[in-house]
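S.K.: Structure in structure tokens, see below.
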Amino acid sequence: MASFAREVAYRIFARELSDTTVALERDPDDAYAPQYVLTPTGAKVNRVFVIGTLTEKEDIGTDTEYWRARISDPTGAFFMYAGQYQPDATRALTEASVPEFLAVVGKVSVYTTEDGRVMTSIRPETISVVDALVRDRWVLETSRQTLDRIKELEEGSCENLPIVEENYSMDLEQYRQMVASALESMQ
């Protein structure tokens, strides 16, 4: 029996994901190859684990249910789209109320506009309602992981350093400030 291993779900703040502009090339010989993005702090991401406040949701489908939702963390907002191919996530989203805290694991979806901008959103796999304590723990751990990635970039030990340097400003202080702001929001 073949084993199946899931991609790691990275903890990423909304601002870092929205600043992400690098969509890495898929393997052209594999129709099922995952789509990765490279974040400004060097994370090669296919799946994310985020927690935030559901601030809006809307069924934008015409023939079938297709939900768009906005989830805010202390640094910005994630946009999420769920429909018939994510039945459990769609059901959880329809039952969730604004402004509940939601924990979401999902794949990063990438869209490149005509002018070449990369827009990211999340295609949820699972959605759960959580409380403020779980959200605060997520902020703490996401802060730690973000600072670890920043340190790896500065030390030159990030394996994606050449691509990060080529595509992003190496002004990492803005992401340190983002972390500080996220931590202050918990007080």
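For the structure tokens, the naming scheme is as follows: chains receive sequential letters (A, B, ...) according to their order of presentation, residues are indexed from 1 within each chain, and ligands are indexed from 1 in presentation order.
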Counting only C-alpha atoms, what is within 10 Å of segment 40-42 of chain A, bar same-chain residues fewer than 3 positions away, as an NGL selection string?

M.R.: :A and (12 or 16-22 or 37 or 45 or 146-154 or 158-165 or 167-172 or 175)

S.K.: Store the residues picked out above, limited to N, CA and C atoms, as an mmCIF file, in the first residue's frame.

M.R.:
data_model
loop_
_atom_site.group_PDB
_atom_site.id
_atom_site.type_symbol
_atom_site.label_atom_id
_atom_site.label_comp_id
_atom_site.auth_asym_id
_atom_site.auth_seq_id
_atom_site.Cartn_x
_atom_site.Cartn_y
_atom_site.Cartn_z
ATOM 1 N N ILE A 12 1.521 31.381 8.914
ATOM 2 C CA ILE A 12 1.899 32.608 8.221
ATOM 3 C C ILE A 12 0.902 33.693 8.618
ATOM 4 N N GLU A 16 2.195 38.833 5.653
ATOM 5 C CA GLU A 16 3.250 38.169 4.891
ATOM 6 C C GLU A 16 2.664 37.442 3.683
ATOM 7 N N LEU A 17 1.531 36.773 3.867
ATOM 8 C CA LEU A 17 0.930 36.068 2.731
ATOM 9 C C LEU A 17 0.469 37.061 1.666
ATOM 10 N N SER A 18 -0.074 38.202 2.075
ATOM 11 C CA SER A 18 -0.517 39.176 1.073
ATOM 12 C C SER A 18 0.663 39.858 0.380
ATOM 13 N N ASP A 19 1.831 39.916 1.039
ATOM 14 C CA ASP A 19 3.040 40.471 0.419
ATOM 15 C C ASP A 19 3.717 39.476 -0.521
ATOM 16 N N THR A 20 3.279 38.238 -0.500
ATOM 17 C CA THR A 20 3.904 37.188 -1.303
ATOM 18 C C THR A 20 3.622 37.408 -2.788
ATOM 19 N N THR A 21 4.690 37.422 -3.579
ATOM 20 C CA THR A 21 4.549 37.660 -5.021
ATOM 21 C C THR A 21 5.222 36.587 -5.878
ATOM 22 N N VAL A 22 5.892 35.635 -5.246
ATOM 23 C CA VAL A 22 6.631 34.624 -6.006
ATOM 24 C C VAL A 22 5.864 33.302 -6.005
ATOM 25 N N VAL A 37 4.297 28.812 -3.178
ATOM 26 C CA VAL A 37 4.672 30.218 -3.209
ATOM 27 C C VAL A 37 5.855 30.370 -2.261
ATOM 28 N N VAL A 45 5.784 27.570 0.611
ATOM 29 C CA VAL A 45 4.483 27.222 1.175
ATOM 30 C C VAL A 45 3.529 26.675 0.121
ATOM 31 N N THR A 146 7.997 33.019 12.470
ATOM 32 C CA THR A 146 8.359 34.111 11.567
ATOM 33 C C THR A 146 9.734 34.661 11.917
ATOM 34 N N LEU A 147 9.982 34.876 13.211
ATOM 35 C CA LEU A 147 11.290 35.372 13.646
ATOM 36 C C LEU A 147 12.400 34.368 13.327
ATOM 37 N N ASP A 148 12.101 33.071 13.451
ATOM 38 C CA ASP A 148 13.093 32.043 13.084
ATOM 39 C C ASP A 148 13.450 32.133 11.599
ATOM 40 N N ARG A 149 12.445 32.349 10.743
ATOM 41 C CA ARG A 149 12.713 32.463 9.301
ATOM 42 C C ARG A 149 13.537 33.708 9.004
ATOM 43 N N ILE A 150 13.238 34.803 9.685
ATOM 44 C CA ILE A 150 14.006 36.037 9.507
ATOM 45 C C ILE A 150 15.462 35.802 9.899
ATOM 46 N N LYS A 151 15.671 35.119 11.011
ATOM 47 C CA LYS A 151 17.034 34.827 11.477
ATOM 48 C C LYS A 151 17.786 33.978 10.453
ATOM 49 N N GLU A 152 17.127 32.960 9.885
ATOM 50 C CA GLU A 152 17.770 32.119 8.870
ATOM 51 C C GLU A 152 18.173 32.932 7.646
ATOM 52 N N LEU A 153 17.330 33.869 7.238
ATOM 53 C CA LEU A 153 17.680 34.726 6.100
ATOM 54 C C LEU A 153 18.901 35.570 6.424
ATOM 55 N N GLU A 154 18.917 36.165 7.604
ATOM 56 C CA GLU A 154 20.028 37.026 7.993
ATOM 57 C C GLU A 154 21.332 36.255 8.146
ATOM 58 N N CYS A 158 19.036 30.068 5.037
ATOM 59 C CA CYS A 158 17.766 29.753 4.380
ATOM 60 C C CYS A 158 18.066 29.197 2.986
ATOM 61 N N GLU A 159 17.558 28.011 2.682
ATOM 62 C CA GLU A 159 17.841 27.401 1.383
ATOM 63 C C GLU A 159 17.239 28.196 0.218
ATOM 64 N N ASN A 160 16.265 29.027 0.507
ATOM 65 C CA ASN A 160 15.617 29.818 -0.547
ATOM 66 C C ASN A 160 16.158 31.244 -0.632
ATOM 67 N N LEU A 161 17.274 31.523 0.059
ATOM 68 C CA LEU A 161 17.835 32.873 0.115
ATOM 69 C C LEU A 161 18.047 33.503 -1.270
ATOM 70 N N PRO A 162 18.634 32.801 -2.246
ATOM 71 C CA PRO A 162 18.851 33.447 -3.556
ATOM 72 C C PRO A 162 17.554 33.929 -4.213
ATOM 73 N N ILE A 163 16.490 33.144 -4.104
ATOM 74 C CA ILE A 163 15.211 33.536 -4.715
ATOM 75 C C ILE A 163 14.591 34.697 -3.941
ATOM 76 N N VAL A 164 14.713 34.660 -2.611
ATOM 77 C CA VAL A 164 14.190 35.764 -1.791
ATOM 78 C C VAL A 164 14.922 37.054 -2.145
ATOM 79 N N GLU A 165 16.257 37.000 -2.207
ATOM 80 C CA GLU A 165 17.044 38.198 -2.524
ATOM 81 C C GLU A 165 16.704 38.749 -3.901
ATOM 82 N N ASN A 167 13.817 38.529 -5.469
ATOM 83 C CA ASN A 167 12.430 38.949 -5.661
ATOM 84 C C ASN A 167 11.849 39.875 -4.601
ATOM 85 N N TYR A 168 12.502 39.972 -3.456
ATOM 86 C CA TYR A 168 11.944 40.764 -2.363
ATOM 87 C C TYR A 168 12.985 41.737 -1.816
ATOM 88 N N SER A 169 12.467 42.793 -1.208
ATOM 89 C CA SER A 169 13.334 43.700 -0.462
ATOM 90 C C SER A 169 13.843 42.925 0.750
ATOM 91 N N MET A 170 15.091 43.078 1.056
ATOM 92 C CA MET A 170 15.633 42.372 2.222
ATOM 93 C C MET A 170 15.499 43.232 3.480
ATOM 94 N N ASP A 171 14.566 44.187 3.460
ATOM 95 C CA ASP A 171 14.253 44.989 4.634
ATOM 96 C C ASP A 171 13.382 44.138 5.557
ATOM 97 N N LEU A 172 14.032 43.313 6.343
ATOM 98 C CA LEU A 172 13.306 42.380 7.199
ATOM 99 C C LEU A 172 12.757 43.041 8.456
ATOM 100 N N TYR A 175 9.035 43.027 8.895
ATOM 101 C CA TYR A 175 8.396 41.807 9.386
ATOM 102 C C TYR A 175 8.629 41.626 10.887
#

S.K.: Would you pick out the contacts of Gly76 of chain A at 12 Å or less, using only C-alpha atoms, so that residues sharing its chain but fewer than 5 positions from it are not included, and give the list as a PDB file with N, CA and C atoms, in the first residue's frame?

M.R.:
ATOM      1  N   ILE A  12       1.521  31.381   8.914  1.00  0.00           N
ATOM      2  CA  ILE A  12       1.899  32.608   8.221  1.00  0.00           C
ATOM      3  C   ILE A  12       0.902  33.693   8.618  1.00  0.00           C
ATOM      4  N   PHE A  13       1.420  34.874   8.928  1.00  0.00           N
ATOM      5  CA  PHE A  13       0.537  36.001   9.178  1.00  0.00           C
ATOM      6  C   PHE A  13      -0.047  36.508   7.856  1.00  0.00           C
ATOM      7  N   ALA A  14      -1.202  37.136   7.948  1.00  0.00           N
ATOM      8  CA  ALA A  14      -1.903  37.629   6.762  1.00  0.00           C
ATOM      9  C   ALA A  14      -1.052  38.615   5.968  1.00  0.00           C
ATOM     10  N   ARG A  15      -0.367  39.503   6.647  1.00  0.00           N
ATOM     11  CA  ARG A  15       0.420  40.497   5.912  1.00  0.00           C
ATOM     12  C   ARG A  15       1.506  39.826   5.077  1.00  0.00           C
ATOM     13  N   GLU A  16       2.195  38.833   5.653  1.00  0.00           N
ATOM     14  CA  GLU A  16       3.250  38.169   4.891  1.00  0.00           C
ATOM     15  C   GLU A  16       2.664  37.442   3.683  1.00  0.00           C
ATOM     16  N   LEU A  17       1.531  36.773   3.867  1.00  0.00           N
ATOM     17  CA  LEU A  17       0.930  36.068   2.731  1.00  0.00           C
ATOM     18  C   LEU A  17       0.469  37.061   1.666  1.00  0.00           C
ATOM     19  N   SER A  18      -0.074  38.202   2.075  1.00  0.00           N
ATOM     20  CA  SER A  18      -0.517  39.176   1.073  1.00  0.00           C
ATOM     21  C   SER A  18       0.663  39.858   0.380  1.00  0.00           C
ATOM     22  N   ASP A  19       1.831  39.916   1.039  1.00  0.00           N
ATOM     23  CA  ASP A  19       3.040  40.471   0.419  1.00  0.00           C
ATOM     24  C   ASP A  19       3.717  39.476  -0.521  1.00  0.00           C
ATOM     25  N   VAL A  50      -3.899  29.001   9.607  1.00  0.00           N
ATOM     26  CA  VAL A  50      -4.133  30.371  10.045  1.00  0.00           C
ATOM     27  C   VAL A  50      -5.295  30.410  11.029  1.00  0.00           C
ATOM     28  N   ILE A  51      -5.265  31.401  11.888  1.00  0.00           N
ATOM     29  CA  ILE A  51      -6.378  31.651  12.795  1.00  0.00           C
ATOM     30  C   ILE A  51      -6.650  33.142  12.786  1.00  0.00           C
ATOM     31  N   GLY A  52      -7.913  33.473  12.701  1.00  0.00           N
ATOM     32  CA  GLY A  52      -8.301  34.874  12.730  1.00  0.00           C
ATOM     33  C   GLY A  52      -9.791  35.005  12.956  1.00  0.00           C
ATOM     34  N   THR A  53     -10.231  36.237  12.929  1.00  0.00           N
ATOM     35  CA  THR A  53     -11.641  36.555  13.142  1.00  0.00           C
ATOM     36  C   THR A  53     -12.369  36.580  11.809  1.00  0.00           C
ATOM     37  N   THR A  55     -14.633  38.078   9.524  1.00  0.00           N
ATOM     38  CA  THR A  55     -15.192  39.431   9.478  1.00  0.00           C
ATOM     39  C   THR A  55     -16.271  39.584   8.408  1.00  0.00           C
ATOM     40  N   ARG A  70     -13.589  36.514   4.547  1.00  0.00           N
ATOM     41  CA  ARG A  70     -12.454  37.338   4.964  1.00  0.00           C
ATOM     42  C   ARG A  70     -12.197  37.027   6.434  1.00  0.00           C
ATOM     43  N   ILE A  71     -10.955  36.647   6.729  1.00  0.00           N
ATOM     44  CA  ILE A  71     -10.548  36.330   8.087  1.00  0.00           C
ATOM     45  C   ILE A  71      -9.391  37.246   8.441  1.00  0.00           C
ATOM     46  N   MET A 178       5.971  43.751  12.215  1.00  0.00           N
ATOM     47  CA  MET A 178       4.702  43.055  12.070  1.00  0.00           C
ATOM     48  C   MET A 178       4.488  42.099  13.239  1.00  0.00           C
ATOM     49  N   VAL A 179       5.554  41.348  13.586  1.00  0.00           N
ATOM     50  CA  VAL A 179       5.489  40.407  14.708  1.00  0.00           C
ATOM     51  C   VAL A 179       5.232  41.175  16.005  1.00  0.00           C
ATOM     52  N   SER A 181       3.811  44.033  16.447  1.00  0.00           N
ATOM     53  CA  SER A 181       2.437  44.523  16.437  1.00  0.00           C
ATOM     54  C   SER A 181       1.439  43.397  16.744  1.00  0.00           C
ATOM     55  N   ALA A 182       1.681  42.225  16.189  1.00  0.00           N
ATOM     56  CA  ALA A 182       0.803  41.072  16.448  1.00  0.00           C
ATOM     57  C   ALA A 182       0.829  40.699  17.925  1.00  0.00           C
TER      58      ALA A 182
END

S.K.: Write out as a PyMOL selection string the set of residues from segment 62-187 of chain A that DSSP, computed on the backbone, places in alpha helix (DSSP H).

M.R.: chain A and resi 87-95+132-155+161-167+173-184

S.K.: Could you name the residues that touch Glu100 of chain A at 12 Å or less, counting only C-alpha atoms, but leaving out those on the same chain fewer than 2 positions away, as a PyMOL selection string?

M.R.: chain A and resi 51-57+70-73+92-93+95-98+102-103+127-132+135

S.K.: With N, CA and C atoms retained, export the selected residues as a short mmCIF file (atom, residue, chain, number, x, y, z; two decimals), in the first residue's frame.

M.R.:
data_model
loop_
_atom_site.label_atom_id
_atom_site.label_comp_id
_atom_site.auth_asym_id
_atom_site.auth_seq_id
_atom_site.Cartn_x
_atom_site.Cartn_y
_atom_site.Cartn_z
N ILE A 51 -5.26 31.40 11.89
CA ILE A 51 -6.38 31.65 12.80
C ILE A 51 -6.65 33.14 12.79
N GLY A 52 -7.91 33.47 12.70
CA GLY A 52 -8.30 34.87 12.73
C GLY A 52 -9.79 35.01 12.96
N THR A 53 -10.23 36.24 12.93
CA THR A 53 -11.64 36.55 13.14
C THR A 53 -12.37 36.58 11.81
N LEU A 54 -13.44 35.84 11.71
CA LEU A 54 -14.29 35.88 10.52
C LEU A 54 -14.96 37.25 10.51
N THR A 55 -14.63 38.08 9.52
CA THR A 55 -15.19 39.43 9.48
C THR A 55 -16.27 39.58 8.41
N GLU A 56 -16.26 38.70 7.42
CA GLU A 56 -17.34 38.71 6.44
C GLU A 56 -17.35 37.38 5.69
N LYS A 57 -18.54 37.04 5.23
CA LYS A 57 -18.69 35.85 4.38
C LYS A 57 -19.86 36.10 3.45
N ARG A 70 -13.59 36.51 4.55
CA ARG A 70 -12.45 37.34 4.96
C ARG A 70 -12.20 37.03 6.43
N ILE A 71 -10.95 36.65 6.73
CA ILE A 71 -10.55 36.33 8.09
C ILE A 71 -9.39 37.25 8.44
N SER A 72 -9.53 37.97 9.54
CA SER A 72 -8.51 38.94 9.94
C SER A 72 -7.70 38.43 11.11
N ASP A 73 -6.37 38.55 10.98
CA ASP A 73 -5.47 38.31 12.11
C ASP A 73 -4.92 39.68 12.51
N ALA A 92 -18.75 24.13 7.36
CA ALA A 92 -18.28 24.84 8.55
C ALA A 92 -18.38 26.35 8.36
N LEU A 93 -18.07 26.81 7.18
CA LEU A 93 -18.12 28.25 6.90
C LEU A 93 -19.57 28.75 6.92
N GLU A 95 -21.95 27.63 8.64
CA GLU A 95 -22.45 27.60 10.01
C GLU A 95 -21.76 28.61 10.92
N ALA A 96 -20.61 29.11 10.52
CA ALA A 96 -19.85 30.06 11.34
C ALA A 96 -20.52 31.44 11.31
N SER A 97 -20.36 32.16 12.40
CA SER A 97 -20.94 33.49 12.51
C SER A 97 -19.87 34.55 12.60
N VAL A 98 -20.14 35.70 12.03
CA VAL A 98 -19.28 36.87 12.19
C VAL A 98 -19.56 37.37 13.60
N LEU A 102 -11.82 31.65 13.73
CA LEU A 102 -11.77 30.42 12.95
C LEU A 102 -10.33 29.97 12.78
N ALA A 103 -10.11 28.67 12.92
CA ALA A 103 -8.83 28.05 12.59
C ALA A 103 -9.01 27.38 11.23
N ILE A 127 -12.02 23.82 8.61
CA ILE A 127 -12.33 25.06 9.33
C ILE A 127 -12.94 24.66 10.67
N SER A 128 -12.43 25.27 11.74
CA SER A 128 -12.97 25.01 13.08
C SER A 128 -13.14 26.33 13.81
N VAL A 129 -14.20 26.42 14.60
CA VAL A 129 -14.38 27.56 15.48
C VAL A 129 -13.49 27.34 16.70
N VAL A 130 -12.73 28.37 17.08
CA VAL A 130 -11.84 28.29 18.25
C VAL A 130 -12.10 29.49 19.15
N ASP A 131 -11.46 29.47 20.32
CA ASP A 131 -11.64 30.57 21.26
C ASP A 131 -10.42 31.50 21.25
N ALA A 132 -10.50 32.56 22.03
CA ALA A 132 -9.43 33.57 22.05
C ALA A 132 -8.11 32.99 22.55
N ARG A 135 -6.47 31.27 19.65
CA ARG A 135 -5.98 32.31 18.74
C ARG A 135 -4.69 32.93 19.26
#

S.K.: Under the rule that only C-alpha atoms are counted, which of A:Tyr85, A:Arg11, A:Ser157, A:Met80 is the nearest residue to Val110 of chain A?

M.R.: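 Among the listed residues, the smallest separation from Val110 of chain A belongs to A:Met80.
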